[in-house]
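> Pasting in a structure now, in structure tokens, and then I'll have a few things to ask.
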Amino acid sequence: MKTIIEQLSIGQMNKATIKKAGDILKSGGLVAFPTETVYGLGADALNEEAAKKIYAAKGRPSDNPLIVHVADMEALAIIAETISEKAAIVAKEFWPGPLTMIFKKTSAVPMGTTGGLNTVAVRMPNHPIAREIIRAGGGYIAAPSANTSGRPSPTEAQHVKEDLAGKIDLLVDGGTVDIGVESTILDMTVEPPMILRPGAITKEMLERLIGEVAVDKTLIDPDSKKAPKAPGMKYRHYAPKAELTVLEGELSQVVKEINRLTEEKTAQGFKVGIIATEETVEKYCAGNVKCIGTREDETTVAGNLYGILRDFDNDGTDLIFSEAFSTGGIGSAVMNRLLKAAGQHVVYVEE
Ligand code: AMP
Ligand code: MG
């Protein structure tokens with residue numbers, strides 16, 4: 001299959017490209033497009049055969065359900081059996097936006113889309129290109145991240161091309177995404193509602209609105225032997241080819257230890273990469289040092305995380321050492337993805 005690549009800018013939306021994307025989706029094909037979180041790989045969510053193609057293109061395990069993307073509340077009513085008062089309040093505040101909610105599904109949603117579950121995950125993105133494409137494609141678009149399963153999620157069209165060229169019909173290049181980590185997933189089928197995956201919409205933001213919100217324990221305790229409630233969270237996701245280690249502790253001690261390890265591993269012949277921040281980047285003496293953003297504003301770190309992991313792969317890096325990040329605000333989402341990329345390999349640096 002030859003993948004068509006077309007560029008679209010938000011300011012000047014080419015109607016012909018949107019129509020092409022819509023026609024491909026309606027006829028059961030695959031279209032990758034930007035959303036505000038990461039690039040999505042779209043297929044008609046109500047067409048089981050189309051949804052199956054997503055699993056094949058990504059190499060995604062078939063028990064890992066897809067998020068259905070909609071453009072309006074009318075569409076939600078067709079696929080969700082019940083919309084609780086709390087869900088309506090959350091939707092009003094955070095949709096369109098980087099939040100997914102889990103509902104009991106109606107019979108309109110095939111089991112092939114939900115990985116055999118009776119629930120359906122739904123998101124209403126706010127990216128103008130995504131919204132136009134969802135509408136043009138019939139209104140219900142399953143769109144997991146547009147990467148090969150297990151690789152870092154794509155934050156620009158080039159990443160999608162690396163993983164999926166030749167496997168999908170169309171790639172709509174809308175530039176670099178805004179947030180850079182996947183949506184928060186909030187399960188509305190339990191009481192209190194439970195966060196199954198941290199993202200840009202935080203527990204604190206949700207609690208201000210609807211009171212108590214629980215967090216899936218397996219997210220907080222990485223040593224937990226229990227399976228996470230979002231089936232996809234059990235896989236070693238987001239992983240670079242290099243072996244990644246996260247170092248926690250007092251920052252100056254962490255820098256010292258990364259410098260020591262880098263010297264040691266470089267001498268042994270390994271190509272070493274370092275994930276640094278604006279606050280520390282000048283303090284590293286060796287290795288391939290990349291600055292991921294500033295600690296003053298961790299949204300910058302979220303935005304660069306996946307791109308940096310891919311850059312290290314392209315550089316042929318063997319080992320990556322990363323500083324840890326805070327676990328407040330979007331920092332929780334960053335640490336969750338970083339620890340998954342590291343296969344939970346963390347070193348605690350003592351003073
Ligand atoms: P991705 O589309 O790659 O961002 O991954 C979607 C995530 O949503 C995976 O971790 C899935 O396991 C999770 N998910 C999708 N549908 C459901 C559902 N019905 N219940 C729980 N988790 C879900
Ligand atoms: Mg994904």
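Note on naming: chains are A, B, ... as they come in the structure tokens, residues start from 1 per chain, ligands start from 1 in the order shown.
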Write out as number ranges by chain each polymer residue (protein, DNA or RNA) that has an atom no more than 7 Å from ligand 2, with only C-alpha atoms and all ligand atoms counted.
A: 144-145, 149, 153
> Could you list, as an MDAnalysis selection string, all residues that come within 8 Å of ligand 1? Count only C-alpha atoms and all ligand atoms.
chainID A and resid 40 64:67 102:103 114:115 117:122 143:146 153 182:183 185 187 196:197 229:234
> With distances taken over only C-alpha atoms, which of A:Pro154, A:Gly249, A:Pro240, A:Pro228 is nearest to Gly175 (chain A)?
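Of the candidates, the smallest distance to Gly175 (chain A) is held by A:Pro154.
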> Quick one: residues within 9 Å of Pro110 (chain A), only C-alpha atoms counted, chain neighbours fewer than 6 positions away excluded, as a list of chain:residue names?
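What passes the distance filter is A:Ala45, A:Leu46, A:Asn47, A:Glu48, A:Gly116.
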> Using only C-alpha atoms, determine which residues lie at most 8 Å from Leu8 (chain A), disregarding the query and same-chain residues fewer than 4 positions distant; provide the list as an NGL selection string.
:A and (12-14 or 17 or 129 or 172-174)
